[in-house]
file entry-v5.txt (compact mmCIF, C-alpha atoms)
# COMPACT_ATOMS: atom_id res chain seq x y z
CA MET A 1389 -112.31 -152.32 11.11
CA VAL A 1390 -114.75 -152.50 8.20
CA THR A 1391 -115.16 -155.53 5.95
CA ILE A 1392 -117.04 -155.30 2.66
CA ALA A 1393 -117.75 -158.12 0.21
CA PHE A 1394 -118.17 -157.49 -3.52
CA LYS A 1395 -119.50 -159.66 -6.35
CA VAL A 1396 -117.20 -159.38 -9.35
CA PHE A 1397 -117.78 -159.80 -13.08
CA TYR A 1398 -114.97 -160.08 -15.61
CA ASP A 1399 -114.24 -161.23 -19.13
CA GLY A 1400 -111.34 -163.59 -18.57
CA SER A 1401 -110.07 -163.25 -22.14
CA LEU A 1402 -108.89 -159.72 -21.32
CA PHE A 1403 -106.81 -160.49 -18.23
CA ASN A 1404 -103.91 -162.65 -17.10
CA GLY A 1405 -105.93 -164.80 -14.70
CA PHE A 1406 -107.34 -163.66 -11.39
CA THR A 1407 -104.11 -163.67 -9.42
CA GLY A 1408 -100.69 -162.91 -10.78
CA ASN A 1409 -98.55 -160.05 -11.97
CA THR A 1410 -99.51 -156.95 -13.92
CA GLY A 1411 -102.56 -157.66 -16.02
CA SER A 1412 -104.34 -159.92 -13.56
CA ILE A 1413 -107.82 -159.14 -12.24
CA GLU A 1414 -106.53 -158.87 -8.69
CA TYR A 1415 -103.89 -156.38 -9.85
CA TYR A 1416 -106.56 -154.05 -11.23
CA LEU A 1417 -108.81 -154.50 -8.20
CA ARG A 1418 -106.00 -153.66 -5.80
CA ARG A 1419 -104.97 -150.66 -7.89
CA ALA A 1420 -108.55 -149.34 -7.83
CA ILE A 1421 -108.91 -149.89 -4.07
CA ARG A 1422 -105.66 -148.03 -3.36
CA ARG A 1423 -107.15 -144.91 -4.91
CA PHE A 1424 -109.47 -144.72 -1.90
CA VAL A 1425 -107.97 -146.96 0.81
CA LYS A 1426 -104.22 -147.29 1.31
CA ASP A 1427 -104.08 -150.04 3.93
CA PHE A 1428 -106.33 -153.07 3.40
CA THR A 1429 -106.43 -156.86 3.11
CA LEU A 1430 -108.17 -158.69 0.27
CA SER A 1431 -109.40 -162.28 0.06
CA LYS A 1432 -110.97 -163.96 -2.95
CA ALA A 1433 -113.37 -166.85 -3.46
CA SER A 1434 -111.65 -168.23 -6.55
CA ARG A 1435 -108.35 -167.77 -8.38
CA THR A 1436 -109.60 -168.41 -11.90
CA ASP A 1437 -107.12 -169.29 -14.64
CA PRO A 1438 -106.22 -167.01 -17.57
CA GLY A 1439 -109.10 -167.03 -20.04
CA VAL A 1440 -111.73 -168.05 -17.45
CA SER A 1441 -114.54 -165.55 -16.91
CA ALA A 1442 -116.83 -164.88 -13.95
CA VAL A 1443 -120.18 -163.34 -13.20
CA GLY A 1444 -120.25 -164.11 -9.49
CA ASN A 1445 -116.73 -164.30 -8.09
CA VAL A 1446 -116.47 -162.70 -4.64
CA VAL A 1447 -113.78 -160.65 -2.93
CA SER A 1448 -113.82 -159.31 0.61
CA ILE A 1449 -111.87 -156.22 1.61
CA GLN A 1450 -111.01 -155.26 5.16
CA PHE A 1451 -109.77 -151.79 6.07
CA SER A 1452 -109.81 -149.22 8.84
CA ASP A 1453 -113.06 -147.61 9.90
CA GLY A 1454 -113.64 -144.13 8.58
CA HIS A 1455 -113.15 -144.95 4.91
CA LYS A 1456 -115.85 -145.46 2.30
CA LEU A 1457 -115.80 -147.94 -0.56
CA THR A 1458 -118.73 -148.56 -2.95
CA PRO A 1459 -119.13 -150.32 -6.30
CA GLY A 1460 -119.34 -147.01 -8.11
CA MET A 1461 -116.06 -145.84 -6.61
CA LEU A 1462 -114.24 -149.01 -7.62
CA ASN A 1463 -115.81 -149.22 -11.07
CA SER A 1464 -114.69 -145.68 -11.85
CA ARG A 1465 -111.12 -146.98 -11.65
CA LEU A 1466 -111.53 -150.42 -13.22
CA PRO A 1467 -110.78 -151.26 -16.87
CA HIS A 1468 -113.31 -152.36 -19.47
CA GLY A 1469 -114.49 -155.92 -18.92
CA LEU A 1470 -114.14 -155.83 -15.12
CA ARG A 1471 -116.84 -154.60 -12.76
CA VAL A 1472 -118.21 -155.13 -9.24
CA TRP A 1473 -122.01 -155.20 -9.30
CA ALA A 1474 -123.17 -156.03 -5.76
CA TRP A 1475 -121.82 -155.39 -2.29
CA ALA A 1476 -122.51 -156.07 1.37
CA GLU A 1477 -121.01 -154.97 4.65
CA VAL A 1478 -120.09 -158.14 6.55
CA ASN A 1479 -118.59 -158.92 9.94
CA ASP A 1480 -114.82 -158.91 10.35
CA GLU A 1481 -114.71 -162.71 10.48
CA PHE A 1482 -116.02 -163.03 6.93
CA ASN A 1483 -113.49 -164.29 4.40
CA ALA A 1484 -114.41 -164.64 0.74
CA LYS A 1485 -112.56 -167.92 0.31
CA ILE A 1486 -114.58 -169.72 3.04
CA ALA A 1487 -117.53 -170.68 0.86
CA VAL A 1488 -120.03 -173.53 1.08
CA SER A 1489 -120.04 -174.10 -2.67
CA ARG A 1490 -118.96 -172.68 -6.01
CA THR A 1491 -120.94 -173.11 -9.22
CA TYR A 1492 -119.28 -173.03 -12.63
CA ILE A 1493 -120.69 -173.41 -16.11
CA TYR A 1494 -118.89 -174.58 -19.20
CA VAL A 1495 -120.42 -173.80 -22.59
CA MET A 1496 -119.17 -175.46 -25.76
CA PRO A 1497 -120.46 -176.23 -29.25
CA TRP A 1498 -122.31 -179.51 -29.66
CA LEU A 1499 -120.31 -181.68 -32.07
CA TYR A 1500 -122.80 -184.56 -32.05
CA GLU A 1501 -121.52 -186.02 -28.79
CA ASP A 1502 -123.77 -188.62 -27.17
CA VAL A 1503 -125.36 -186.50 -24.43
CA ASP A 1504 -126.77 -189.49 -22.58
CA LEU A 1505 -123.29 -191.03 -22.34
CA MET A 1506 -121.97 -187.70 -21.10
CA LYS A 1507 -124.64 -187.57 -18.40
CA GLY A 1508 -123.64 -191.03 -17.25
CA ALA A 1509 -120.00 -189.95 -17.14
CA ALA A 1510 -120.90 -186.82 -15.17
CA GLU A 1511 -122.62 -188.86 -12.45
CA LEU A 1512 -119.32 -190.63 -11.69
CA PHE A 1513 -117.80 -187.38 -10.44
CA VAL A 1514 -120.49 -186.69 -7.84
CA GLY A 1515 -119.34 -187.32 -4.28
CA VAL A 1516 -115.95 -187.35 -2.60
CA HIS A 1517 -113.06 -188.48 -4.79
CA ASP A 1518 -109.30 -188.26 -5.01
CA LEU A 1519 -109.09 -186.52 -8.39
CA SER A 1520 -105.32 -186.57 -8.75
CA ASN A 1521 -105.69 -187.31 -12.47
CA PHE A 1522 -107.82 -184.20 -12.90
CA GLN A 1523 -105.63 -181.41 -11.57
CA VAL A 1524 -102.27 -179.77 -11.85
CA LYS A 1525 -100.66 -180.92 -8.64
CA GLU A 1526 -99.36 -178.27 -6.27
CA ARG A 1527 -97.34 -178.98 -3.16
CA GLY A 1528 -99.49 -178.92 -0.05
CA VAL A 1529 -102.79 -178.77 -1.98
CA PRO A 1530 -105.18 -181.69 -1.20
CA THR A 1531 -106.24 -183.85 -4.13
CA THR A 1532 -109.53 -185.01 -2.60
CA VAL A 1533 -112.60 -182.89 -3.32
CA MET A 1534 -116.35 -183.12 -2.89
CA ILE A 1535 -118.51 -182.43 -5.94
CA ASN A 1536 -122.20 -181.82 -5.30
CA GLY A 1537 -123.45 -182.10 -8.86
CA VAL A 1538 -122.50 -182.19 -12.54
CA ASN A 1539 -125.41 -181.50 -14.88
CA ILE A 1540 -125.39 -181.45 -18.67
CA GLU A 1541 -127.98 -180.04 -21.04
CA ARG A 1542 -128.05 -179.38 -24.75
CA TYR A 1543 -129.44 -176.04 -25.96
CA GLY A 1544 -129.57 -176.16 -29.73
CA ASP A 1545 -126.00 -176.12 -30.98
CA TYR A 1546 -124.51 -175.75 -27.49
CA LEU A 1547 -123.74 -178.05 -24.60
CA VAL A 1548 -123.88 -176.57 -21.11
CA LEU A 1549 -122.24 -178.25 -18.13
CA ILE A 1550 -123.05 -176.98 -14.64
CA ILE A 1551 -120.61 -178.10 -11.94
CA THR A 1552 -121.06 -177.37 -8.24
CA GLY A 1553 -118.69 -178.23 -5.41
CA ARG A 1554 -117.10 -176.82 -2.31
CA GLY A 1555 -113.84 -176.07 -4.07
CA PHE A 1556 -111.83 -177.12 -7.10
CA ARG A 1557 -108.11 -177.45 -7.81
CA ASN A 1558 -105.92 -176.01 -10.53
CA LYS A 1559 -107.51 -176.72 -13.95
CA MET A 1560 -109.73 -179.41 -12.39
CA ILE A 1561 -113.03 -178.32 -13.92
CA ARG A 1562 -111.53 -178.03 -17.39
CA LYS A 1563 -110.07 -181.54 -17.07
CA ILE A 1564 -113.40 -182.92 -15.87
CA VAL A 1565 -115.18 -181.27 -18.79
CA ASN A 1566 -112.72 -182.68 -21.30
CA ALA A 1567 -113.01 -186.19 -19.86
CA ILE A 1568 -116.81 -186.08 -20.03
CA ARG A 1569 -116.66 -184.84 -23.60
CA MET A 1570 -114.23 -187.63 -24.53
CA VAL A 1571 -116.81 -190.14 -23.30
CA GLY A 1572 -119.47 -188.44 -25.44
CA LEU A 1573 -117.19 -188.65 -28.47
CA GLY A 1574 -116.36 -192.30 -27.83
CA THR A 1575 -112.64 -191.75 -27.30
CA LEU A 1576 -112.87 -192.68 -23.59
CA SER A 1577 -115.09 -195.42 -22.18
CA ILE A 1578 -117.13 -195.18 -19.00
CA ASP A 1579 -114.98 -197.92 -17.45
CA GLU A 1580 -111.77 -196.07 -18.34
CA LEU A 1581 -113.17 -192.89 -16.82
CA ARG A 1582 -114.17 -194.76 -13.65
CA ASP A 1583 -110.60 -196.06 -13.31
CA LEU A 1584 -109.26 -192.51 -13.67
CA ILE A 1585 -111.65 -191.18 -11.03
CA GLU A 1586 -110.92 -194.04 -8.62
CA PHE A 1587 -107.21 -193.53 -9.26
CA LYS A 1588 -106.72 -197.14 -10.33
CA VAL A 1589 -104.59 -195.81 -13.16
CA LYS A 1590 -102.36 -192.73 -13.19
CA ARG A 1591 -102.92 -190.78 -16.38
CA PRO A 1592 -103.27 -186.99 -16.41
CA VAL A 1593 -106.25 -185.74 -18.38
CA PRO A 1594 -105.67 -182.71 -20.65
CA PRO A 1595 -107.82 -179.66 -19.87
CA ALA A 1596 -110.50 -178.16 -22.08
CA SER A 1597 -110.04 -174.60 -23.30
CA PRO A 1598 -110.47 -171.93 -20.61
CA TYR A 1599 -112.64 -169.71 -22.78
CA GLY A 1600 -115.88 -171.67 -22.30
CA LEU A 1601 -115.61 -171.66 -18.50
CA LEU A 1602 -117.36 -169.13 -16.28
CA LEU A 1603 -117.63 -168.92 -12.49
CA LEU A 1604 -121.32 -168.32 -11.99
CA ASN A 1605 -121.88 -168.08 -8.28
CA VAL A 1606 -120.30 -168.50 -4.85
CA ASN A 1607 -122.55 -169.60 -1.99
CA TYR A 1608 -121.91 -169.00 1.72
CA GLY A 1609 -124.85 -170.88 3.21
CA ASN A 1610 -126.06 -169.33 6.47
CA ARG A 1611 -123.24 -166.78 6.21
CA GLU A 1612 -124.50 -165.46 2.88
CA PRO A 1613 -124.10 -161.67 2.83
CA ASN A 1614 -127.15 -159.46 2.47
CA TRP A 1615 -126.21 -158.30 -1.01
CA LEU A 1616 -127.12 -154.84 -2.23
CA LEU A 1617 -127.35 -154.64 -6.01
CA CYS A 1618 -125.90 -151.76 -8.00
CA PRO A 1619 -128.41 -151.47 -10.89
CA GLY A 1620 -126.15 -149.34 -13.07
CA CYS A 1621 -123.26 -151.74 -12.55
CA LEU A 1622 -125.45 -154.73 -13.37
CA SER A 1623 -126.70 -153.01 -16.53
CA TYR A 1624 -123.08 -152.79 -17.61
CA VAL A 1625 -122.74 -156.56 -17.14
CA VAL A 1626 -125.92 -157.28 -19.14
CA ASN A 1627 -124.87 -154.98 -21.98
CA TYR A 1628 -121.38 -156.43 -21.99
CA LEU A 1629 -122.72 -159.97 -22.26
CA GLY A 1630 -124.99 -158.92 -25.11
CA ASN A 1631 -122.36 -157.01 -27.07
CA ARG A 1632 -119.36 -159.22 -26.43
CA TRP A 1633 -120.75 -162.74 -26.35
CA TYR A 1634 -123.91 -162.69 -28.44
CA ASN A 1635 -122.44 -164.84 -31.22
CA SER A 1636 -119.65 -166.52 -29.30
CA LEU A 1637 -119.12 -168.74 -26.27
CA PRO A 1638 -120.86 -168.48 -23.93
CA ASN A 1639 -123.98 -167.78 -25.99
CA LEU A 1640 -126.16 -164.96 -24.66
CA PHE A 1641 -129.31 -167.08 -24.50
CA VAL A 1642 -127.58 -169.74 -22.43
CA ILE A 1643 -125.87 -167.22 -20.14
CA LEU A 1644 -129.10 -165.39 -19.36
CA LYS A 1645 -130.95 -168.65 -18.78
CA ILE A 1646 -128.33 -169.71 -16.26
CA LEU A 1647 -128.27 -166.30 -14.60
CA HIS A 1648 -132.05 -166.42 -14.15
CA GLU A 1649 -131.84 -169.83 -12.53
CA PHE A 1650 -128.93 -169.29 -10.18
CA MET A 1651 -128.61 -165.61 -9.34
CA ASP A 1652 -132.20 -164.66 -8.50
CA ILE A 1653 -132.08 -161.38 -10.39
CA ASN A 1654 -134.86 -162.09 -12.86
CA LYS A 1655 -136.50 -158.71 -12.48
CA LEU A 1656 -133.32 -156.94 -13.47
CA PHE A 1657 -133.05 -159.02 -16.65
CA SER A 1658 -136.73 -158.98 -17.57
CA ARG A 1659 -136.17 -156.36 -20.24
CA ILE A 1660 -133.65 -158.51 -22.11
call {"tool": "encode", "arguments": {"input": "entry-v5.txt", "output": "structure tokens"}}
result
Amino acid sequence: MVTIAFKVFYDGSLFNGFTGNTGSIEYYLRRAIRRFVKDFTLSKASRTDPGVSAVGNVVSIQFSDGHKLTPGMLNSRLPHGLRVWAWAEVNDEFNAKIAVSRTYIYVMPWLYEDVDLMKGAAELFVGVHDLSNFQVKERGVPTTVMINGVNIERYGDYLVLIITGRGFRNKMIRKIVNAIRMVGLGTLSIDELRDLIEFKVKRPVPPASPYGLLLLNVNYGNREPNWLLCPGCLSYVVNYLGNRWYNSLPNLFVILKILHEFMDINKLFSRI
């Protein structure tokens, strides 16, 4: 058997979520793979919601030895707004969903929220918590998660939230973002937020819009694949970000700043 991992970029506004029926990202990935490999298994690091984008989602594909599968082959069969841009041959025990951490960013316009209050609210989420108020409950899915960090910065007219954790539940990040913003706007107090996090009160939090959310990176710790970059594929991603998102969310300046910091591909973006 051969197992290959791919880093995946997509504009979530063009697809019906990562997993689902016709129109989902996984649908198009599987359709492209079947052009070259008929029998395979696919695992994914994150099942992002409709409208949520990604630069660094990961899929792993396992198939019989003797076949070949490269980014260029897949990209030749993928629609606009969806590309794989790095790949690595991994051992057969590798599974894309078994990650050490996932890093998301949420970019939104600054509407004069109190950023210091928001930073204080963000700190409450760090650690292990039962975040039942911050997810769409699914049978058999645990409600307790560990969040490594929630950081907030203001860049001009934008607020950028960076959230890292081992794994997140359905709509959890968007609910966390909305709660933090409510604190910044003064419509939710720090004490009220603490009660929601500690589950002293049961009150579902509405989610923020999916269109500001982007899965930036998936980390596998000491099992991190030895990624091989596809320069032409990555150029597509850079150009897409510039053409599609220059004057919208996420803002190009913010996206490239985050990419530089987290994805260690500075030399490939130095011309931007």
call {"tool": "residues_around", "arguments": {"input": "entry-v5.txt", "residues": "range 1586-1588 of chain A", "least_positions_apart": "2", "cutoff": "12 Å", "atoms": "all atoms listed in the file", "output": "count of residues only"}}
result
21
call {"tool": "closest_residue", "arguments": {"input": "entry-v5.txt", "among": "A:Val1396, A:Val1425, A:Val1565, A:Met1560", "to": "Leu1603 in chain A", "atoms": "all atoms listed in the file"}}
result
A:Val1396
call {"tool": "closest_residue", "arguments": {"input": "entry-v5.txt", "among": "A:Phe1482, A:Trp1475, A:Phe1403, A:Phe1428", "to": "Asn1614 in chain A", "atoms": "all atoms listed in the file"}}
result
A:Trp1475
call {"tool": "atom_distance", "arguments": {"input": "entry-v5.txt", "atom1": "CA of Ser1412 in chain A", "atom2": "CA of Val1524 in chain A"}}
result
20.0 Å
call {"tool": "residues_around", "arguments": {"input": "entry-v5.txt", "residues": "Pro1598 in chain A", "least_positions_apart": "3", "cutoff": "7 Å", "atoms": "all atoms listed in the file", "output": "number ranges by chain"}}
result
A: 1439-1440, 1562, 1601
call {"tool": "residues_around", "arguments": {"input": "entry-v5.txt", "residues": "Asp1545 in chain A", "least_positions_apart": "3", "cutoff": "8 Å", "atoms": "all atoms listed in the file", "output": "list in words"}}
result
Pro1497, Trp1498 and Arg1542 of chain A
